[in-house]
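*Asks:* Below is the file coords.pdb, with PDB, C-alpha atoms.
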```
ATOM      1  CA  MET A 259       3.839  13.157 -19.058  1.00  0.00           C
ATOM      2  CA  ASN A 260       4.395  10.940 -22.081  1.00  0.00           C
ATOM      3  CA  SER A 261       3.040   7.778 -23.635  1.00  0.00           C
ATOM      4  CA  LYS A 262       5.931   5.742 -22.269  1.00  0.00           C
ATOM      5  CA  THR A 263       4.882   6.104 -18.630  1.00  0.00           C
ATOM      6  CA  ARG A 264       4.973   2.591 -17.132  1.00  0.00           C
ATOM      7  CA  ILE A 265       2.663   1.503 -14.326  1.00  0.00           C
ATOM      8  CA  SER A 266       3.112  -1.766 -12.433  1.00  0.00           C
ATOM      9  CA  LEU A 267      -0.093  -3.235 -11.003  1.00  0.00           C
ATOM     10  CA  ILE A 268       0.436  -5.770  -8.229  1.00  0.00           C
ATOM     11  CA  HIS A 269      -2.478  -8.117  -7.526  1.00  0.00           C
ATOM     12  CA  ALA A 270      -3.279 -10.733  -4.899  1.00  0.00           C
ATOM     13  CA  THR A 271      -6.337 -11.971  -6.796  1.00  0.00           C
ATOM     14  CA  SER A 272      -7.080 -12.337 -10.489  1.00  0.00           C
ATOM     15  CA  VAL A 273     -10.531 -10.719 -10.236  1.00  0.00           C
ATOM     16  CA  ALA A 274      -8.862  -7.317  -9.696  1.00  0.00           C
ATOM     17  CA  ILE A 275      -6.961  -7.384 -12.971  1.00  0.00           C
ATOM     18  CA  GLN A 276      -9.734  -6.623 -15.480  1.00  0.00           C
ATOM     19  CA  PRO A 277     -11.372  -3.745 -13.534  1.00  0.00           C
ATOM     20  CA  ILE A 278      -8.199  -1.716 -13.027  1.00  0.00           C
ATOM     21  CA  ASN A 279      -6.987  -2.283 -16.569  1.00  0.00           C
ATOM     22  CA  GLU A 280     -10.361  -1.112 -17.851  1.00  0.00           C
ATOM     23  CA  SER A 281     -10.039   2.071 -15.772  1.00  0.00           C
ATOM     24  CA  PHE A 282      -6.628   2.742 -17.285  1.00  0.00           C
ATOM     25  CA  ARG A 283      -8.053   2.248 -20.790  1.00  0.00           C
ATOM     26  CA  ARG A 284     -10.772   4.833 -20.096  1.00  0.00           C
ATOM     27  CA  LEU A 285      -8.873   7.386 -18.024  1.00  0.00           C
ATOM     28  CA  TRP A 286      -5.227   7.056 -19.057  1.00  0.00           C
ATOM     29  CA  PRO A 287      -4.926   5.117 -22.317  1.00  0.00           C
ATOM     30  CA  ASP A 288      -1.409   6.429 -23.009  1.00  0.00           C
ATOM     31  CA  ALA A 289       0.047   4.690 -19.952  1.00  0.00           C
ATOM     32  CA  THR A 290       1.840   1.384 -20.409  1.00  0.00           C
ATOM     33  CA  VAL A 291       0.333  -0.952 -17.822  1.00  0.00           C
ATOM     34  CA  TYR A 292       1.521  -4.398 -16.778  1.00  0.00           C
ATOM     35  CA  ASN A 293       0.246  -6.847 -14.186  1.00  0.00           C
ATOM     36  CA  LEU A 294       1.987  -8.881 -11.482  1.00  0.00           C
ATOM     37  CA  LEU A 295      -0.196 -11.556  -9.879  1.00  0.00           C
ATOM     38  CA  GLU A 296       0.962 -13.084  -6.595  1.00  0.00           C
ATOM     39  CA  ASP A 297      -2.074 -15.097  -5.568  1.00  0.00           C
ATOM     40  CA  SER A 298      -0.507 -16.805  -2.556  1.00  0.00           C
ATOM     41  CA  LEU A 299      -0.530 -13.579  -0.528  1.00  0.00           C
ATOM     42  CA  THR A 300      -4.053 -13.824   0.860  1.00  0.00           C
ATOM     43  CA  ALA A 301      -3.731 -17.462   1.922  1.00  0.00           C
ATOM     44  CA  ASP A 302      -0.329 -16.800   3.460  1.00  0.00           C
ATOM     45  CA  LEU A 303      -1.728 -13.830   5.377  1.00  0.00           C
ATOM     46  CA  GLU A 304      -4.370 -16.123   6.857  1.00  0.00           C
ATOM     47  CA  ARG A 305      -1.694 -18.642   7.812  1.00  0.00           C
ATOM     48  CA  ALA A 306       0.227 -15.815   9.484  1.00  0.00           C
ATOM     49  CA  GLY A 307      -2.786 -15.091  11.669  1.00  0.00           C
ATOM     50  CA  GLY A 308      -3.369 -11.765   9.957  1.00  0.00           C
ATOM     51  CA  ASP A 309       0.064 -10.399  10.916  1.00  0.00           C
ATOM     52  CA  ILE A 310       0.882  -8.633   7.666  1.00  0.00           C
ATOM     53  CA  MET A 311       4.260  -7.367   8.801  1.00  0.00           C
ATOM     54  CA  VAL A 312       5.560 -10.946   8.882  1.00  0.00           C
ATOM     55  CA  MET A 313       5.216 -10.741   5.090  1.00  0.00           C
ATOM     56  CA  ALA A 314       6.559  -7.206   4.654  1.00  0.00           C
ATOM     57  CA  HIS A 315       9.784  -8.385   3.000  1.00  0.00           C
ATOM     58  CA  ARG A 316       7.749  -9.932   0.180  1.00  0.00           C
ATOM     59  CA  PHE A 317       6.086  -6.601  -0.588  1.00  0.00           C
ATOM     60  CA  SER A 318       9.465  -4.904  -0.605  1.00  0.00           C
ATOM     61  CA  ALA A 319      10.646  -7.510  -3.099  1.00  0.00           C
ATOM     62  CA  LEU A 320       7.623  -6.921  -5.345  1.00  0.00           C
ATOM     63  CA  VAL A 321       8.194  -3.164  -5.277  1.00  0.00           C
ATOM     64  CA  ARG A 322      11.901  -3.561  -6.075  1.00  0.00           C
ATOM     65  CA  TYR A 323      11.089  -5.901  -8.949  1.00  0.00           C
ATOM     66  CA  SER A 324       8.590  -3.419 -10.363  1.00  0.00           C
ATOM     67  CA  ARG A 325      11.130  -0.611 -10.128  1.00  0.00           C
ATOM     68  CA  ASP A 326      13.811  -2.778 -11.744  1.00  0.00           C
ATOM     69  CA  THR A 327      11.484  -3.382 -14.693  1.00  0.00           C
ATOM     70  CA  GLY A 328      11.141   0.343 -15.270  1.00  0.00           C
ATOM     71  CA  ALA A 329       7.948   1.233 -13.431  1.00  0.00           C
ATOM     72  CA  ASP A 330       7.304   4.955 -13.045  1.00  0.00           C
ATOM     73  CA  GLY A 331       4.443   4.233 -10.641  1.00  0.00           C
ATOM     74  CA  ILE A 332       3.218   1.203  -8.692  1.00  0.00           C
ATOM     75  CA  LEU A 333      -0.289   0.349  -7.543  1.00  0.00           C
ATOM     76  CA  PHE A 334      -1.292  -2.471  -5.205  1.00  0.00           C
ATOM     77  CA  THR A 335      -4.850  -3.650  -5.810  1.00  0.00           C
ATOM     78  CA  CYS A 336      -5.645  -5.646  -2.656  1.00  0.00           C
ATOM     79  CA  SER A 337      -6.972  -3.808   0.391  1.00  0.00           C
ATOM     80  CA  SER A 338      -5.640  -6.147   3.070  1.00  0.00           C
ATOM     81  CA  PHE A 339      -1.945  -5.284   2.970  1.00  0.00           C
ATOM     82  CA  GLY A 340      -1.726  -1.559   3.740  1.00  0.00           C
ATOM     83  CA  PRO A 341       0.999  -1.552   6.449  1.00  0.00           C
ATOM     84  CA  ALA A 342       3.279  -3.754   4.356  1.00  0.00           C
ATOM     85  CA  VAL A 343       2.828  -1.487   1.336  1.00  0.00           C
ATOM     86  CA  GLU A 344       3.686   1.558   3.453  1.00  0.00           C
ATOM     87  CA  ALA A 345       6.872  -0.130   4.646  1.00  0.00           C
ATOM     88  CA  ALA A 346       7.816  -1.196   1.121  1.00  0.00           C
ATOM     89  CA  ARG A 347       7.372   2.223  -0.453  1.00  0.00           C
ATOM     90  CA  ALA A 348       9.541   4.038   2.067  1.00  0.00           C
ATOM     91  CA  SER A 349      12.715   3.244   0.130  1.00  0.00           C
ATOM     92  CA  ILE A 350      11.381   3.589  -3.432  1.00  0.00           C
ATOM     93  CA  ASP A 351      11.764   6.744  -5.532  1.00  0.00           C
ATOM     94  CA  VAL A 352       8.481   6.460  -7.489  1.00  0.00           C
ATOM     95  CA  PRO A 353       4.848   6.786  -6.350  1.00  0.00           C
ATOM     96  CA  VAL A 354       3.554   3.591  -4.723  1.00  0.00           C
ATOM     97  CA  LEU A 355      -0.159   3.649  -3.965  1.00  0.00           C
ATOM     98  CA  LYS A 356      -2.207   1.542  -1.610  1.00  0.00           C
ATOM     99  CA  PRO A 357      -5.480   0.587  -3.291  1.00  0.00           C
ATOM    100  CA  ASN A 358      -7.794   2.738  -1.179  1.00  0.00           C
ATOM    101  CA  GLU A 359      -5.890   5.928  -0.460  1.00  0.00           C
ATOM    102  CA  ALA A 360      -6.824   7.897  -3.565  1.00  0.00           C
ATOM    103  CA  MET A 361     -10.505   7.068  -3.166  1.00  0.00           C
ATOM    104  CA  ILE A 362     -10.407   8.001   0.518  1.00  0.00           C
ATOM    105  CA  ASP A 363      -8.959  11.410  -0.312  1.00  0.00           C
ATOM    106  CA  GLU A 364     -11.638  11.960  -2.937  1.00  0.00           C
ATOM    107  CA  ALA A 365     -14.439  10.835  -0.614  1.00  0.00           C
ATOM    108  CA  LEU A 366     -13.342  13.133   2.207  1.00  0.00           C
ATOM    109  CA  GLY A 367     -13.580  16.015  -0.226  1.00  0.00           C
ATOM    110  CA  ILE A 368     -17.292  15.234  -0.611  1.00  0.00           C
ATOM    111  CA  GLY A 369     -18.481  14.599   2.938  1.00  0.00           C
ATOM    112  CA  ARG A 370     -18.187  12.749   6.232  1.00  0.00           C
ATOM    113  CA  LYS A 371     -21.130  10.345   5.930  1.00  0.00           C
ATOM    114  CA  ILE A 372     -19.457   7.441   4.166  1.00  0.00           C
ATOM    115  CA  ALA A 373     -21.205   4.321   2.910  1.00  0.00           C
ATOM    116  CA  LEU A 374     -18.598   1.587   2.509  1.00  0.00           C
ATOM    117  CA  VAL A 375     -19.686  -1.300   0.318  1.00  0.00           C
ATOM    118  CA  ALA A 376     -17.791  -4.600   0.128  1.00  0.00           C
ATOM    119  CA  THR A 377     -18.322  -8.059  -1.298  1.00  0.00           C
ATOM    120  CA  PHE A 378     -15.486  -9.450   0.877  1.00  0.00           C
ATOM    121  CA  GLN A 379     -16.402  -8.689   4.475  1.00  0.00           C
ATOM    122  CA  PRO A 380     -12.820  -8.529   5.875  1.00  0.00           C
ATOM    123  CA  ALA A 381     -12.154  -5.579   3.549  1.00  0.00           C
ATOM    124  CA  LEU A 382     -14.454  -3.274   5.532  1.00  0.00           C
ATOM    125  CA  GLU A 383     -12.540  -2.888   8.802  1.00  0.00           C
ATOM    126  CA  PRO A 384      -9.152  -1.968   7.256  1.00  0.00           C
ATOM    127  CA  ILE A 385     -10.625   0.732   5.039  1.00  0.00           C
ATOM    128  CA  MET A 386     -12.550   2.231   7.960  1.00  0.00           C
ATOM    129  CA  GLN A 387      -9.266   2.392   9.852  1.00  0.00           C
ATOM    130  CA  GLU A 388      -7.665   4.156   6.887  1.00  0.00           C
ATOM    131  CA  PHE A 389     -10.438   6.757   6.893  1.00  0.00           C
ATOM    132  CA  ASP A 390     -10.098   7.278  10.651  1.00  0.00           C
ATOM    133  CA  GLU A 391      -6.349   7.828  10.314  1.00  0.00           C
ATOM    134  CA  LEU A 392      -6.987  10.774   7.991  1.00  0.00           C
ATOM    135  CA  ALA A 393     -10.070  12.466   9.412  1.00  0.00           C
ATOM    136  CA  SER A 394     -12.295  12.679  12.463  1.00  0.00           C
ATOM    137  CA  GLY A 395     -16.052  12.826  12.784  1.00  0.00           C
ATOM    138  CA  ILE A 396     -16.732  10.238  10.072  1.00  0.00           C
ATOM    139  CA  GLU A 397     -20.080   8.446  10.153  1.00  0.00           C
ATOM    140  CA  PHE A 398     -19.736   5.026   8.523  1.00  0.00           C
ATOM    141  CA  ASN A 399     -22.449   2.912   6.970  1.00  0.00           C
ATOM    142  CA  PRO A 400     -20.667  -0.409   6.263  1.00  0.00           C
ATOM    143  CA  ILE A 401     -22.540  -2.640   3.823  1.00  0.00           C
ATOM    144  CA  PHE A 402     -21.527  -6.237   3.089  1.00  0.00           C
ATOM    145  CA  VAL A 403     -23.035  -7.645  -0.110  1.00  0.00           C
ATOM    146  CA  GLU A 404     -23.383 -11.344   0.517  1.00  0.00           C
ATOM    147  CA  GLY A 405     -23.147 -13.628  -2.504  1.00  0.00           C
ATOM    148  CA  ALA A 406     -21.836 -11.026  -4.937  1.00  0.00           C
ATOM    149  CA  LEU A 407     -18.205 -12.124  -4.936  1.00  0.00           C
ATOM    150  CA  ALA A 408     -19.153 -15.761  -5.349  1.00  0.00           C
ATOM    151  CA  ALA A 409     -21.279 -14.804  -8.341  1.00  0.00           C
ATOM    152  CA  LEU A 410     -18.408 -12.886  -9.914  1.00  0.00           C
ATOM    153  CA  LYS A 411     -15.974 -15.754  -9.413  1.00  0.00           C
ATOM    154  CA  ALA A 412     -18.528 -18.044 -11.050  1.00  0.00           C
ATOM    155  CA  GLY A 413     -18.612 -15.755 -14.082  1.00  0.00           C
ATOM    156  CA  ASP A 414     -22.017 -14.227 -13.333  1.00  0.00           C
ATOM    157  CA  GLN A 415     -21.222 -10.515 -13.488  1.00  0.00           C
ATOM    158  CA  GLU A 416     -24.874  -9.581 -13.978  1.00  0.00           C
ATOM    159  CA  THR A 417     -25.881 -11.040 -10.599  1.00  0.00           C
ATOM    160  CA  HIS A 418     -22.792  -9.545  -8.968  1.00  0.00           C
ATOM    161  CA  ASP A 419     -23.687  -6.063 -10.216  1.00  0.00           C
ATOM    162  CA  GLN A 420     -27.376  -6.435  -9.368  1.00  0.00           C
ATOM    163  CA  LEU A 421     -26.675  -7.477  -5.773  1.00  0.00           C
ATOM    164  CA  ILE A 422     -24.336  -4.533  -5.259  1.00  0.00           C
ATOM    165  CA  ALA A 423     -26.840  -2.078  -6.739  1.00  0.00           C
ATOM    166  CA  GLU A 424     -29.605  -3.400  -4.481  1.00  0.00           C
ATOM    167  CA  ALA A 425     -27.355  -2.993  -1.455  1.00  0.00           C
ATOM    168  CA  CYS A 426     -26.402   0.546  -2.452  1.00  0.00           C
ATOM    169  CA  ALA A 427     -30.044   1.564  -2.407  1.00  0.00           C
ATOM    170  CA  LEU A 428     -29.612   1.440   1.388  1.00  0.00           C
ATOM    171  CA  ALA A 429     -27.005   4.204   1.206  1.00  0.00           C
ATOM    172  CA  SER A 430     -29.240   7.070   0.121  1.00  0.00           C
ATOM    173  CA  GLN A 431     -28.663   8.977   3.376  1.00  0.00           C
ATOM    174  CA  SER A 432     -24.884   9.007   2.959  1.00  0.00           C
ATOM    175  CA  ASP A 433     -22.846  11.800   1.387  1.00  0.00           C
ATOM    176  CA  VAL A 434     -20.829   9.410  -0.754  1.00  0.00           C
ATOM    177  CA  VAL A 435     -20.671   5.698  -1.526  1.00  0.00           C
ATOM    178  CA  CYS A 436     -17.266   4.005  -1.670  1.00  0.00           C
ATOM    179  CA  PHE A 437     -16.516   0.590  -3.119  1.00  0.00           C
ATOM    180  CA  ALA A 438     -14.007  -1.258  -0.950  1.00  0.00           C
ATOM    181  CA  GLN A 439     -12.598  -3.529  -3.687  1.00  0.00           C
ATOM    182  CA  PHE A 440     -11.287  -3.248  -7.221  1.00  0.00           C
ATOM    183  CA  SER A 441     -13.344  -6.266  -8.272  1.00  0.00           C
ATOM    184  CA  MET A 442     -16.617  -4.353  -7.714  1.00  0.00           C
ATOM    185  CA  THR A 443     -16.045  -1.740 -10.422  1.00  0.00           C
ATOM    186  CA  SER A 444     -18.438  -3.203 -12.993  1.00  0.00           C
ATOM    187  CA  ALA A 445     -21.372  -2.366 -10.713  1.00  0.00           C
ATOM    188  CA  HIS A 446     -20.544   1.340 -10.548  1.00  0.00           C
ATOM    189  CA  ALA A 447     -23.225   2.791 -12.823  1.00  0.00           C
ATOM    190  CA  ALA A 448     -26.043   0.662 -11.422  1.00  0.00           C
ATOM    191  CA  ALA A 449     -24.949   1.327  -7.845  1.00  0.00           C
ATOM    192  CA  GLU A 450     -24.762   5.088  -8.327  1.00  0.00           C
ATOM    193  CA  ALA A 451     -28.229   5.110  -9.849  1.00  0.00           C
ATOM    194  CA  ALA A 452     -29.604   3.056  -6.951  1.00  0.00           C
ATOM    195  CA  ALA A 453     -27.921   5.117  -4.229  1.00  0.00           C
ATOM    196  CA  ARG A 454     -28.595   8.492  -5.879  1.00  0.00           C
ATOM    197  CA  ARG A 455     -25.301   9.623  -4.351  1.00  0.00           C
ATOM    198  CA  PRO A 456     -21.768  10.122  -5.728  1.00  0.00           C
ATOM    199  CA  THR A 457     -20.253   6.646  -5.943  1.00  0.00           C
ATOM    200  CA  LEU A 458     -16.496   6.189  -6.014  1.00  0.00           C
ATOM    201  CA  THR A 459     -14.447   3.213  -7.099  1.00  0.00           C
ATOM    202  CA  THR A 460     -10.949   2.420  -5.931  1.00  0.00           C
ATOM    203  CA  THR A 461      -9.935   1.836  -9.547  1.00  0.00           C
ATOM    204  CA  ASP A 462     -10.903   5.177 -11.067  1.00  0.00           C
ATOM    205  CA  SER A 463      -9.655   7.159  -8.079  1.00  0.00           C
ATOM    206  CA  ALA A 464      -6.289   5.377  -8.166  1.00  0.00           C
ATOM    207  CA  VAL A 465      -5.794   5.941 -11.893  1.00  0.00           C
ATOM    208  CA  LYS A 466      -6.643   9.644 -11.614  1.00  0.00           C
ATOM    209  CA  SER A 467      -4.280  10.043  -8.670  1.00  0.00           C
ATOM    210  CA  LEU A 468      -1.336   8.336 -10.380  1.00  0.00           C
ATOM    211  CA  LYS A 469      -1.899  10.311 -13.570  1.00  0.00           C
ATOM    212  CA  LYS A 470      -1.916  13.562 -11.629  1.00  0.00           C
ATOM    213  CA  ARG A 471       1.237  12.696  -9.685  1.00  0.00           C
ATOM    214  CA  LEU A 472       3.190  11.598 -12.705  1.00  0.00           C
ATOM    215  CA  SER A 473       2.161  14.597 -14.795  1.00  0.00           C
ATOM    216  CA  ARG A 474       3.844  17.051 -12.425  1.00  0.00           C
TER     217      ARG A 474
END
```
Kindly return the structure encoded in the file as structure tokens.
*Replies:*
Amino acid sequence: MNSKTRISLIHATSVAIQPINESFRRLWPDATVYNLLEDSLTADLERAGGDIMVMAHRFSALVRYSRDTGADGILFTCSSFGPAVEAARASIDVPVLKPNEAMIDEALGIGRKIALVATFQPALEPIMQEFDELASGIEFNPIFVEGALAALKAGDQETHDQLIAEACALASQSDVVCFAQFSMTSAHAAAEAAARRPTLTTTDSAVKSLKKRLSR
């Protein structure tokens, strides 16, 4: 592994950019990280009636572009596009990660009682499906934190973090708490203290996974 390792981050929303870049600064400062924002993806998915595979060619194009610009690894930061990411990475010769998969692997190493916390309610069902595809006997405690995402988009990170921490206090009977979105990362310390359980973020898990893969 060297300081010239290049990582392409592909975003569907701007609120994911700062959290994942901050995780890279803490956990892998030698990586060269750049950001691609394609903020029409979520709206277009809604117009497609949720049929992500109608848009699969666009994800393949994003992956090819990232590879053409020298990416050694690629990370998608939006949880809603998993099947399209899987299709896109099949023909690429570098690691391409879905946003949740590294965190899911880490969580399953801790236990089977999983508290899933989201500030965007549609993010909960896809990540539960991802867990179920990898393991059986999982007991989910899905928690939607109403108002937190709106606060973050309005620039009120303090309220965003406080609402998430208060919600995580309901997860004290779980083995592990998992954040369902990159945009939630700033609430990690407060949430872990409130839950009194290991609390995982998609951002940190993804960075650690990419670093491990690319150091082999």
*Asks:* Given the choices A:Cys436, A:Ala448, A:Ala423, A:Ile350, which gets closest to Asp326 (chain A) if the distance is worked out from only C-alpha atoms?
*Replies:* A:Ile350
*Asks:* When you count all atoms listed in the file, which of these residues is closest to Gly331 (chain A): A:Thr457, A:Gln387, A:Gln415, A:Thr290?
*Replies:*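 Going through A:Thr457, A:Gln387, A:Gln415, A:Thr290 one by one, the smallest distance to Gly331 (chain A) is for A:Thr290.
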*Asks:* Rank A:Lys262, A:Lys469, A:Lys371, A:His315 by their smallest atom-to-atom distance to Val435 (chain A), using all atoms listed in the file, and report the top residue only.
*Replies:*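 Residue with the minimum atom-to-atom distance to Val435 (chain A): A:Lys371.
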*Asks:* Nearest to Leu472 (chain A) among A:Ile310, A:Ala342, A:Val352, A:Leu407, with distances taken over only C-alpha atoms: which residue is it?
*Replies:*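 Of A:Ile310, A:Ala342, A:Val352, A:Leu407, the one nearest Leu472 (chain A), counting only C-alpha atoms, is A:Val352.
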*Asks:* For this file, the PyMOL selection byres ((chain A and resi 275-282) around 10) selects which residues, as a short mmCIF file (atom, residue, chain, number, x, y, z; two decimals) with C-alpha atoms, keeping the file's coordinate frame?
*Replies:*
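Okay, this is what ended up in out.cif:
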```cif
data_model
loop_
_atom_site.label_atom_id
_atom_site.label_comp_id
_atom_site.auth_asym_id
_atom_site.auth_seq_id
_atom_site.Cartn_x
_atom_site.Cartn_y
_atom_site.Cartn_z
CA ILE A 265 2.66 1.50 -14.33
CA LEU A 267 -0.09 -3.24 -11.00
CA ILE A 268 0.44 -5.77 -8.23
CA HIS A 269 -2.48 -8.12 -7.53
CA ALA A 270 -3.28 -10.73 -4.90
CA THR A 271 -6.34 -11.97 -6.80
CA SER A 272 -7.08 -12.34 -10.49
CA VAL A 273 -10.53 -10.72 -10.24
CA ALA A 274 -8.86 -7.32 -9.70
CA ARG A 283 -8.05 2.25 -20.79
CA ARG A 284 -10.77 4.83 -20.10
CA LEU A 285 -8.87 7.39 -18.02
CA TRP A 286 -5.23 7.06 -19.06
CA PRO A 287 -4.93 5.12 -22.32
CA ASP A 288 -1.41 6.43 -23.01
CA ALA A 289 0.05 4.69 -19.95
CA THR A 290 1.84 1.38 -20.41
CA VAL A 291 0.33 -0.95 -17.82
CA TYR A 292 1.52 -4.40 -16.78
CA ASN A 293 0.25 -6.85 -14.19
CA LEU A 294 1.99 -8.88 -11.48
CA LEU A 295 -0.20 -11.56 -9.88
CA LEU A 333 -0.29 0.35 -7.54
CA THR A 335 -4.85 -3.65 -5.81
CA GLN A 439 -12.60 -3.53 -3.69
CA PHE A 440 -11.29 -3.25 -7.22
CA SER A 441 -13.34 -6.27 -8.27
CA MET A 442 -16.62 -4.35 -7.71
CA THR A 443 -16.05 -1.74 -10.42
CA SER A 444 -18.44 -3.20 -12.99
CA THR A 459 -14.45 3.21 -7.10
CA THR A 460 -10.95 2.42 -5.93
CA THR A 461 -9.94 1.84 -9.55
CA ASP A 462 -10.90 5.18 -11.07
CA SER A 463 -9.65 7.16 -8.08
CA ALA A 464 -6.29 5.38 -8.17
CA VAL A 465 -5.79 5.94 -11.89
CA LYS A 466 -6.64 9.64 -11.61
CA LYS A 469 -1.90 10.31 -13.57
#
```
*Asks:* Find the spatial neighbours of Leu320 (chain A), counting only C-alpha atoms, within a cut-off of 10 Å - ignore same-chain residues fewer than 3 positions away - and output them as a ChimeraX atom specification.
*Replies:* /A:266,268,294,296,315-317,323-326,332,334,343,346
*Asks:* Would you kindly translate the PyMOL selection byres ((chain A and resi 377) around 10) into the concrete residues it picks from this file, as a list of chain:residue names?
*Replies:* A:Val375, A:Ala376, A:Phe378, A:Gln379, A:Pro380, A:Ala381, A:Leu382, A:Ile401, A:Phe402, A:Val403, A:Glu404, A:Gly405, A:Ala406, A:Leu407, A:Ala408, A:Leu410, A:His418, A:Leu421, A:Ile422, A:Phe437, A:Ala438, A:Gln439, A:Ser441, A:Met442
*Asks:* In terms of the shortest atom-to-atom distance over all atoms listed in the file, which of A:Gly369, A:Gly307, A:Phe339, A:Arg347 is closest to Arg322 (chain A)?
*Replies:*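 The shortest atom-to-atom distance to Arg322 (chain A) comes from A:Arg347.
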*Asks:* At a cut-off of 9 Å, using only C-alpha atoms, what residues contact Glu344 (chain A)? Leave out same-chain residues fewer than 5 positions from it and give the result as a ChimeraX atom specification.
*Replies:* /A:339,354-356
*Asks:* In Å, rounded to a single decimal, give me how far CA of Asn399 (chain A) is from CA of Glu304 (chain A).
*Replies:*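 About the pair CA of Glu304 (chain A) and CA of Asn399 (chain A): they are 26.3 Å apart.
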*Asks:* Name every residue that the PyMOL selection byres ((chain A and resi 450) around 10) selects in this structure, writing the answer as a list of chain:residue names with chains first and numbers rising.
*Replies:*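 When the PyMOL selection byres ((chain A and resi 450) around 10) is applied, the selected residues are A:Ala423, A:Cys426, A:Ala427, A:Ala429, A:Ser430, A:Val434, A:Val435, A:Ala445, A:His446, A:Ala447, A:Ala448, A:Ala449, A:Ala451, A:Ala452, A:Ala453, A:Arg454, A:Arg455, A:Pro456, A:Thr457, A:Leu458.
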